[in-house]
$ cat coords25.cif   # mmCIF, C-alpha atoms
data_protein
#
loop_
_atom_site.group_PDB
_atom_site.id
_atom_site.type_symbol
_atom_site.label_atom_id
_atom_site.label_comp_id
_atom_site.auth_asym_id
_atom_site.auth_seq_id
_atom_site.Cartn_x
_atom_site.Cartn_y
_atom_site.Cartn_z
ATOM 1 C CA MET A 1 -7.715 -51.427 -47.963
ATOM 2 C CA SER A 2 -4.958 -48.847 -48.309
ATOM 3 C CA ARG A 3 -6.097 -45.240 -48.671
ATOM 4 C CA THR A 4 -3.892 -42.190 -48.989
ATOM 5 C CA LEU A 5 -5.051 -38.649 -48.328
ATOM 6 C CA PHE A 6 -2.910 -36.145 -50.223
ATOM 7 C CA GLY A 7 -2.820 -32.476 -49.315
ATOM 8 C CA ILE A 8 -1.330 -29.812 -47.092
ATOM 9 C CA LYS A 9 -1.512 -30.068 -43.319
ATOM 10 C CA ALA A 10 -2.506 -26.444 -42.644
ATOM 11 C CA CYS A 11 -5.337 -26.258 -45.218
ATOM 12 C CA ASP A 12 -8.832 -25.774 -43.722
ATOM 13 C CA THR A 13 -10.466 -28.112 -46.240
ATOM 14 C CA MET A 14 -7.861 -30.741 -45.423
ATOM 15 C CA LYS A 15 -8.674 -30.394 -41.730
ATOM 16 C CA LYS A 16 -12.360 -31.003 -42.498
ATOM 17 C CA ALA A 17 -11.556 -34.090 -44.579
ATOM 18 C CA ARG A 18 -9.227 -35.517 -41.929
ATOM 19 C CA THR A 19 -11.788 -34.875 -39.191
ATOM 20 C CA TRP A 20 -14.510 -36.588 -41.252
ATOM 21 C CA LEU A 21 -12.320 -39.620 -41.933
ATOM 22 C CA ASP A 22 -11.277 -39.876 -38.278
ATOM 23 C CA GLU A 23 -14.844 -39.504 -36.981
ATOM 24 C CA HIS A 24 -16.047 -42.228 -39.365
ATOM 25 C CA GLY A 25 -13.258 -44.642 -38.485
ATOM 26 C CA VAL A 26 -11.748 -44.618 -41.971
ATOM 27 C CA SER A 27 -8.067 -45.558 -41.907
ATOM 28 C CA TYR A 28 -5.724 -43.658 -44.195
ATOM 29 C CA VAL A 29 -2.161 -42.495 -44.590
ATOM 30 C CA PHE A 30 -1.635 -38.737 -44.859
ATOM 31 C CA HIS A 31 0.789 -37.487 -47.517
ATOM 32 C CA ASP A 32 1.665 -33.802 -47.071
ATOM 33 C CA TYR A 33 2.857 -32.798 -50.516
ATOM 34 C CA LYS A 34 4.052 -29.436 -49.312
ATOM 35 C CA THR A 35 6.694 -31.058 -47.098
ATOM 36 C CA VAL A 36 7.219 -34.432 -48.826
ATOM 37 C CA GLY A 37 6.549 -33.355 -52.406
ATOM 38 C CA ILE A 38 4.558 -35.108 -55.099
ATOM 39 C CA ASP A 39 5.601 -37.224 -58.045
ATOM 40 C CA ARG A 40 4.659 -36.887 -61.673
ATOM 41 C CA GLU A 41 3.106 -40.358 -61.699
ATOM 42 C CA ASN A 42 0.374 -39.341 -59.244
ATOM 43 C CA LEU A 43 -0.266 -36.036 -61.018
ATOM 44 C CA ASP A 44 -0.530 -37.827 -64.393
ATOM 45 C CA LYS A 45 -2.958 -40.345 -62.884
ATOM 46 C CA TRP A 46 -5.142 -37.665 -61.283
ATOM 47 C CA CYS A 47 -5.158 -35.459 -64.377
ATOM 48 C CA ASN A 48 -6.034 -38.398 -66.621
ATOM 49 C CA GLU A 49 -8.873 -39.379 -64.285
ATOM 50 C CA HIS A 50 -10.321 -35.934 -63.543
ATOM 51 C CA GLY A 51 -8.773 -33.537 -66.083
ATOM 52 C CA TRP A 52 -5.925 -31.163 -65.286
ATOM 53 C CA GLU A 53 -8.453 -28.324 -65.024
ATOM 54 C CA THR A 54 -9.881 -30.008 -61.905
ATOM 55 C CA ILE A 55 -6.515 -30.836 -60.329
ATOM 56 C CA LEU A 56 -4.880 -27.414 -60.821
ATOM 57 C CA ASN A 57 -6.155 -25.035 -58.148
ATOM 58 C CA ARG A 58 -6.422 -21.803 -60.115
ATOM 59 C CA ALA A 59 -8.394 -20.095 -57.328
ATOM 60 C CA GLY A 60 -5.513 -20.334 -54.858
ATOM 61 C CA THR A 61 -3.067 -17.584 -54.002
ATOM 62 C CA THR A 62 -0.045 -19.443 -55.388
ATOM 63 C CA PHE A 63 -1.545 -19.692 -58.871
ATOM 64 C CA ARG A 64 -2.932 -16.159 -58.852
ATOM 65 C CA LYS A 65 0.516 -14.749 -58.009
ATOM 66 C CA LEU A 66 2.083 -16.340 -61.099
ATOM 67 C CA ASP A 67 3.038 -14.006 -63.915
ATOM 68 C CA GLU A 68 0.824 -14.113 -66.985
ATOM 69 C CA ALA A 69 3.423 -16.003 -69.033
ATOM 70 C CA HIS A 70 3.092 -19.008 -66.705
ATOM 71 C CA LYS A 71 -0.714 -18.836 -66.807
ATOM 72 C CA ALA A 72 -0.906 -18.538 -70.601
ATOM 73 C CA ASP A 73 -1.494 -21.473 -72.941
ATOM 74 C CA LEU A 74 -2.012 -23.988 -70.175
ATOM 75 C CA ASP A 75 -2.304 -27.641 -71.095
ATOM 76 C CA GLN A 76 -1.906 -30.801 -69.040
ATOM 77 C CA ASN A 77 1.880 -30.967 -69.391
ATOM 78 C CA LYS A 78 2.392 -27.321 -68.429
ATOM 79 C CA ALA A 79 -0.095 -27.595 -65.544
ATOM 80 C CA ILE A 80 1.701 -30.685 -64.192
ATOM 81 C CA GLY A 81 5.007 -28.813 -64.395
ATOM 82 C CA LEU A 82 3.549 -25.964 -62.351
ATOM 83 C CA MET A 83 2.146 -28.370 -59.747
ATOM 84 C CA LEU A 84 5.443 -30.271 -59.478
ATOM 85 C CA ALA A 85 7.286 -26.997 -58.892
ATOM 86 C CA GLN A 86 4.704 -25.682 -56.405
ATOM 87 C CA PRO A 87 2.513 -28.436 -54.946
ATOM 88 C CA SER A 88 0.301 -25.904 -53.177
ATOM 89 C CA MET A 89 -1.281 -25.389 -56.629
ATOM 90 C CA ILE A 90 -2.813 -28.870 -56.425
ATOM 91 C CA LYS A 91 -6.484 -28.917 -55.505
ATOM 92 C CA ARG A 92 -6.978 -30.568 -52.168
ATOM 93 C CA PRO A 93 -7.623 -32.948 -50.711
ATOM 94 C CA VAL A 94 -7.039 -35.848 -53.063
ATOM 95 C CA LEU A 95 -8.155 -39.126 -51.517
ATOM 96 C CA ASP A 96 -6.719 -42.158 -53.281
ATOM 97 C CA LEU A 97 -9.011 -45.154 -52.791
ATOM 98 C CA GLY A 98 -6.819 -47.479 -54.846
ATOM 99 C CA ASN A 99 -9.217 -47.937 -57.755
ATOM 100 C CA LYS A 100 -10.096 -44.236 -58.052
ATOM 101 C CA THR A 101 -9.540 -40.855 -56.449
ATOM 102 C CA LEU A 102 -11.806 -38.232 -54.933
ATOM 103 C CA VAL A 103 -10.801 -34.607 -55.448
ATOM 104 C CA GLY A 104 -11.972 -31.948 -53.021
ATOM 105 C CA PHE A 105 -14.012 -32.605 -49.895
ATOM 106 C CA LYS A 106 -17.760 -33.058 -49.814
ATOM 107 C CA PRO A 107 -19.046 -35.010 -46.780
ATOM 108 C CA GLU A 108 -21.871 -36.598 -48.785
ATOM 109 C CA ARG A 109 -19.454 -37.855 -51.449
ATOM 110 C CA TYR A 110 -17.091 -39.302 -48.853
ATOM 111 C CA ALA A 111 -20.078 -41.010 -47.185
ATOM 112 C CA ALA A 112 -21.274 -42.486 -50.493
ATOM 113 C CA GLU A 113 -17.832 -43.765 -51.495
ATOM 114 C CA LEU A 114 -16.633 -44.979 -48.095
ATOM 115 C CA ALA A 115 -19.811 -46.424 -46.594
#

$ encode --input "coords25.cif" --output "structure tokens"
Amino acid sequence: MSRTLFGIKACDTMKKARTWLDEHGVSYVFHDYKTVGIDRENLDKWCNEHGWETILNRAGTTFRKLDEAHKADLDQNKAIGLMLAQPSMIKRPVLDLGNKTLVGFKPERYAAELA
């Protein structure tokens, strides 16, 4: 089964997710969207599955530094545009299991889905 872990290499939460996957023998491909980028197709898929409010990391520094005009009147299309322009605004990690995705890292959720 092909699994892809999307995120940013230097992120602490990403490091925890990668360590968990490695320790549990779960094979995956890592996609660093800060260096490789991300496509609209994946963002559309994730937002449709989880809601753009879950995928857009509004707690992060990159989002908080935006001027108010960019933060105002957010909807899915505008949020996707922001994330395409600055992928560090995407909540991480996103683990694509093929038939669904997991957003964020919780060891118990990974265990339940990957056991």

$ resolve_selection --input "coords25.cif" --expression "the PyMOL selection byres ((chain A and resi 102-106) around 9)" --output "tab-separated table (two decimals) with C-alpha atoms, keeping the file's coordinate frame"
chain	number	residue	atom	x	y	z
A	13	THR	CA	-10.47	-28.11	-46.24
A	14	MET	CA	-7.86	-30.74	-45.42
A	16	LYS	CA	-12.36	-31.00	-42.50
A	17	ALA	CA	-11.56	-34.09	-44.58
A	46	TRP	CA	-5.14	-37.66	-61.28
A	50	HIS	CA	-10.32	-35.93	-63.54
A	54	THR	CA	-9.88	-30.01	-61.90
A	55	ILE	CA	-6.52	-30.84	-60.33
A	91	LYS	CA	-6.48	-28.92	-55.50
A	92	ARG	CA	-6.98	-30.57	-52.17
A	93	PRO	CA	-7.62	-32.95	-50.71
A	94	VAL	CA	-7.04	-35.85	-53.06
A	95	LEU	CA	-8.15	-39.13	-51.52
A	96	ASP	CA	-6.72	-42.16	-53.28
A	97	LEU	CA	-9.01	-45.15	-52.79
A	100	LYS	CA	-10.10	-44.24	-58.05
A	101	THR	CA	-9.54	-40.85	-56.45
A	107	PRO	CA	-19.05	-35.01	-46.78
A	108	GLU	CA	-21.87	-36.60	-48.78
A	109	ARG	CA	-19.45	-37.85	-51.45
A	110	TYR	CA	-17.09	-39.30	-48.85
A	111	ALA	CA	-20.08	-41.01	-47.18
A	113	GLU	CA	-17.83	-43.76	-51.50

$ closest_residue --input "coords25.cif" --among "A:Asp44, A:Glu49, A:Glu23, A:Asp73" --to "Asn99 (chain A)" --atoms "only C-alpha atoms"
A:Glu49

$ atom_distance --input "coords25.cif" --atom1 "CA of Asn57 (chain A)" --atom2 "CA of Met89 (chain A)"
5.1 Å

$ atom_distance --input "coords25.cif" --atom1 "CA of Gly25 (chain A)" --atom2 "CA of Lys45 (chain A)"
26.8 Å

$ closest_residue --input "coords25.cif" --among "A:Ala72, A:Leu66, A:Val26, A:Met83" --to "Asn42 (chain A)" --atoms "only C-alpha atoms"
A:Met83

$ atom_distance --input "coords25.cif" --atom1 "CA of Tyr33 (chain A)" --atom2 "CA of Asn48 (chain A)"
19.2 Å

$ closest_residue --input "coords25.cif" --among "A:Thr35, A:Trp52, A:Ile90, A:Phe6" --to "Leu74 (chain A)" --atoms "only C-alpha atoms"
A:Trp52

$ closest_residue --input "coords25.cif" --among "A:Lys78, A:Pro87, A:Arg18, A:Leu114" --to "Ile38 (chain A)" --atoms "all atoms listed in the file"
A:Pro87

$ closest_residue --input "coords25.cif" --among "A:Lys34, A:His70, A:Ala115, A:Glu41" --to "Cys11 (chain A)" --atoms "only C-alpha atoms"
A:Lys34

$ residues_around --input "coords25.cif" --residues "Ser2 (chain A)" --least-positions-apart "6" --cutoff "8 Å" --atoms "all atoms listed in the file" --output "list in words"
Ser27, Tyr28, Val29, Leu97 and Gly98 of chain A

$ write_last_selection --input "coords25.cif" --atoms "C-alpha atoms" --output "short mmCIF file (atom, residue, chain, number, x, y, z; two decimals), in the coordinates of the input"
data_model
loop_
_atom_site.label_atom_id
_atom_site.label_comp_id
_atom_site.auth_asym_id
_atom_site.auth_seq_id
_atom_site.Cartn_x
_atom_site.Cartn_y
_atom_site.Cartn_z
CA SER A 27 -8.07 -45.56 -41.91
CA TYR A 28 -5.72 -43.66 -44.20
CA VAL A 29 -2.16 -42.50 -44.59
CA LEU A 97 -9.01 -45.15 -52.79
CA GLY A 98 -6.82 -47.48 -54.85
#

$ axis_aligned_box --input "coords25.cif" --around "region 87-104 of chain A" --padding-each-side "3 Å" --output "JSON"
{"center_x": -4.7, "center_y": -36.7, "center_z": -54.4, "size_x": 20.5, "size_y": 28.5, "size_z": 13.3}

$ resolve_selection --input "coords25.cif" --expression "the PyMOL selection byres ((chain A and resi 80) around 9)" --output "ChimeraX atom specification"
/A:40,43-44,47,52,56,75-79,81-85

$ closest_residue --input "coords25.cif" --among "A:Ser88, A:Lys71, A:Leu21, A:Phe63" --to "Lys9 (chain A)" --atoms "all atoms listed in the file"
A:Ser88

$ decode --input "coords25.cif" --residues "region 11-27 of chain A" --atoms "all heavy atoms" --output "mmCIF file, in the first residue's frame"
data_model
loop_
_atom_site.group_PDB
_atom_site.id
_atom_site.type_symbol
_atom_site.label_atom_id
_atom_site.label_comp_id
_atom_site.auth_asym_id
_atom_site.auth_seq_id
_atom_site.Cartn_x
_atom_site.Cartn_y
_atom_site.Cartn_z
ATOM 1 N N CYS A 11 9.727 20.631 10.885
ATOM 2 C CA CYS A 11 8.629 20.781 11.846
ATOM 3 C C CYS A 11 8.707 19.713 12.944
ATOM 4 O O CYS A 11 8.873 18.528 12.665
ATOM 5 C CB CYS A 11 7.301 20.672 11.090
ATOM 6 S SG CYS A 11 5.843 20.551 12.125
ATOM 7 N N ASP A 12 8.559 20.118 14.201
ATOM 8 C CA ASP A 12 8.624 19.181 15.329
ATOM 9 C C ASP A 12 7.532 18.121 15.264
ATOM 10 O O ASP A 12 7.781 16.953 15.565
ATOM 11 C CB ASP A 12 8.538 19.932 16.660
ATOM 12 C CG ASP A 12 9.814 20.696 16.972
ATOM 13 O OD1 ASP A 12 10.871 20.375 16.385
ATOM 14 O OD2 ASP A 12 9.756 21.626 17.802
ATOM 15 N N THR A 13 6.325 18.503 14.902
ATOM 16 C CA THR A 13 5.233 17.538 14.803
ATOM 17 C C THR A 13 5.509 16.534 13.688
ATOM 18 O O THR A 13 5.219 15.348 13.812
ATOM 19 C CB THR A 13 3.892 18.250 14.569
ATOM 20 O OG1 THR A 13 3.705 19.226 15.598
ATOM 21 C CG2 THR A 13 2.725 17.269 14.600
ATOM 22 N N MET A 14 6.099 17.009 12.610
ATOM 23 C CA MET A 14 6.483 16.113 11.521
ATOM 24 C C MET A 14 7.507 15.097 12.000
ATOM 25 O O MET A 14 7.437 13.921 11.660
ATOM 26 C CB MET A 14 7.088 16.914 10.355
ATOM 27 C CG MET A 14 6.099 17.700 9.546
ATOM 28 S SD MET A 14 4.880 16.681 8.709
ATOM 29 C CE MET A 14 5.896 15.511 7.846
ATOM 30 N N LYS A 15 8.468 15.557 12.787
ATOM 31 C CA LYS A 15 9.501 14.656 13.306
ATOM 32 C C LYS A 15 8.867 13.567 14.162
ATOM 33 O O LYS A 15 9.240 12.399 14.082
ATOM 34 C CB LYS A 15 10.533 15.440 14.100
ATOM 35 C CG LYS A 15 11.406 16.327 13.233
ATOM 36 C CD LYS A 15 12.350 17.162 14.074
ATOM 37 C CE LYS A 15 13.103 18.150 13.201
ATOM 38 N NZ LYS A 15 13.930 19.073 13.957
ATOM 39 N N LYS A 16 7.882 13.927 14.971
ATOM 40 C CA LYS A 16 7.181 12.938 15.799
ATOM 41 C C LYS A 16 6.444 11.920 14.935
ATOM 42 O O LYS A 16 6.478 10.717 15.203
ATOM 43 C CB LYS A 16 6.199 13.639 16.746
ATOM 44 C CG LYS A 16 6.863 14.449 17.819
ATOM 45 C CD LYS A 16 5.826 15.203 18.635
ATOM 46 C CE LYS A 16 6.504 16.187 19.575
ATOM 47 N NZ LYS A 16 5.540 17.044 20.264
ATOM 48 N N ALA A 17 5.765 12.401 13.903
ATOM 49 C CA ALA A 17 5.023 11.504 13.008
ATOM 50 C C ALA A 17 5.975 10.563 12.281
ATOM 51 O O ALA A 17 5.722 9.352 12.199
ATOM 52 C CB ALA A 17 4.198 12.314 12.011
ATOM 53 N N ARG A 18 7.073 11.091 11.772
ATOM 54 C CA ARG A 18 8.036 10.260 11.044
ATOM 55 C C ARG A 18 8.654 9.222 11.973
ATOM 56 O O ARG A 18 8.826 8.061 11.590
ATOM 57 C CB ARG A 18 9.104 11.136 10.392
ATOM 58 C CG ARG A 18 8.529 11.992 9.269
ATOM 59 C CD ARG A 18 9.557 12.887 8.653
ATOM 60 N NE ARG A 18 10.346 12.083 7.722
ATOM 61 C CZ ARG A 18 11.377 12.558 7.041
ATOM 62 N NH1 ARG A 18 11.748 13.813 7.191
ATOM 63 N NH2 ARG A 18 12.049 11.787 6.209
ATOM 64 N N THR A 19 8.984 9.634 13.186
ATOM 65 C CA THR A 19 9.550 8.699 14.163
ATOM 66 C C THR A 19 8.552 7.594 14.460
ATOM 67 O O THR A 19 8.902 6.407 14.495
ATOM 68 C CB THR A 19 9.954 9.442 15.456
ATOM 69 O OG1 THR A 19 10.965 10.396 15.125
ATOM 70 C CG2 THR A 19 10.471 8.492 16.512
ATOM 71 N N TRP A 20 7.279 7.962 14.672
ATOM 72 C CA TRP A 20 6.248 6.955 14.966
ATOM 73 C C TRP A 20 6.131 5.966 13.806
ATOM 74 O O TRP A 20 6.118 4.751 14.018
ATOM 75 C CB TRP A 20 4.905 7.630 15.241
ATOM 76 C CG TRP A 20 3.885 6.689 15.774
ATOM 77 C CD1 TRP A 20 3.551 6.494 17.079
ATOM 78 C CD2 TRP A 20 3.060 5.767 15.014
ATOM 79 N NE1 TRP A 20 2.583 5.517 17.177
ATOM 80 C CE2 TRP A 20 2.270 5.056 15.932
ATOM 81 C CE3 TRP A 20 2.927 5.480 13.673
ATOM 82 C CZ2 TRP A 20 1.349 4.088 15.550
ATOM 83 C CZ3 TRP A 20 2.024 4.504 13.269
ATOM 84 C CH2 TRP A 20 1.241 3.823 14.204
ATOM 85 N N LEU A 21 6.044 6.466 12.593
ATOM 86 C CA LEU A 21 5.914 5.598 11.430
ATOM 87 C C LEU A 21 7.123 4.667 11.301
ATOM 88 O O LEU A 21 6.973 3.468 11.069
ATOM 89 C CB LEU A 21 5.743 6.435 10.157
ATOM 90 C CG LEU A 21 4.423 7.204 10.042
ATOM 91 C CD1 LEU A 21 4.499 8.221 8.909
ATOM 92 C CD2 LEU A 21 3.250 6.268 9.841
ATOM 93 N N ASP A 22 8.314 5.219 11.480
ATOM 94 C CA ASP A 22 9.535 4.415 11.380
ATOM 95 C C ASP A 22 9.580 3.337 12.460
ATOM 96 O O ASP A 22 9.900 2.178 12.192
ATOM 97 C CB ASP A 22 10.782 5.300 11.465
ATOM 98 C CG ASP A 22 10.936 6.226 10.260
ATOM 99 O OD1 ASP A 22 10.310 5.969 9.199
ATOM 100 O OD2 ASP A 22 11.679 7.229 10.382
ATOM 101 N N GLU A 23 9.258 3.721 13.701
ATOM 102 C CA GLU A 23 9.301 2.769 14.812
ATOM 103 C C GLU A 23 8.271 1.650 14.672
ATOM 104 O O GLU A 23 8.453 0.563 15.212
ATOM 105 C CB GLU A 23 9.101 3.494 16.139
ATOM 106 C CG GLU A 23 10.301 4.324 16.552
ATOM 107 C CD GLU A 23 10.068 5.129 17.824
ATOM 108 O OE1 GLU A 23 8.926 5.186 18.336
ATOM 109 O OE2 GLU A 23 11.056 5.726 18.306
ATOM 110 N N HIS A 24 7.181 1.926 13.950
ATOM 111 C CA HIS A 24 6.126 0.931 13.768
ATOM 112 C C HIS A 24 6.224 0.218 12.418
ATOM 113 O O HIS A 24 5.316 -0.518 12.029
ATOM 114 C CB HIS A 24 4.751 1.572 13.963
ATOM 115 C CG HIS A 24 4.484 1.940 15.392
ATOM 116 N ND1 HIS A 24 4.941 3.107 15.953
ATOM 117 C CD2 HIS A 24 3.853 1.260 16.382
ATOM 118 C CE1 HIS A 24 4.586 3.150 17.222
ATOM 119 N NE2 HIS A 24 3.931 2.033 17.515
ATOM 120 N N GLY A 25 7.318 0.438 11.717
ATOM 121 C CA GLY A 25 7.551 -0.266 10.465
ATOM 122 C C GLY A 25 6.580 0.071 9.351
ATOM 123 O O GLY A 25 6.330 -0.750 8.467
ATOM 124 N N VAL A 26 6.030 1.283 9.389
ATOM 125 C CA VAL A 26 5.079 1.704 8.356
ATOM 126 C C VAL A 26 5.854 2.370 7.220
ATOM 127 O O VAL A 26 6.567 3.350 7.441
ATOM 128 C CB VAL A 26 4.031 2.695 8.937
ATOM 129 C CG1 VAL A 26 3.099 3.195 7.845
ATOM 130 C CG2 VAL A 26 3.263 2.052 10.074
ATOM 131 N N SER A 27 5.736 1.822 6.024
ATOM 132 C CA SER A 27 6.451 2.405 4.883
ATOM 133 C C SER A 27 5.656 3.597 4.339
ATOM 134 O O SER A 27 4.424 3.583 4.310
ATOM 135 C CB SER A 27 6.674 1.357 3.798
ATOM 136 O OG SER A 27 5.441 0.893 3.299
#
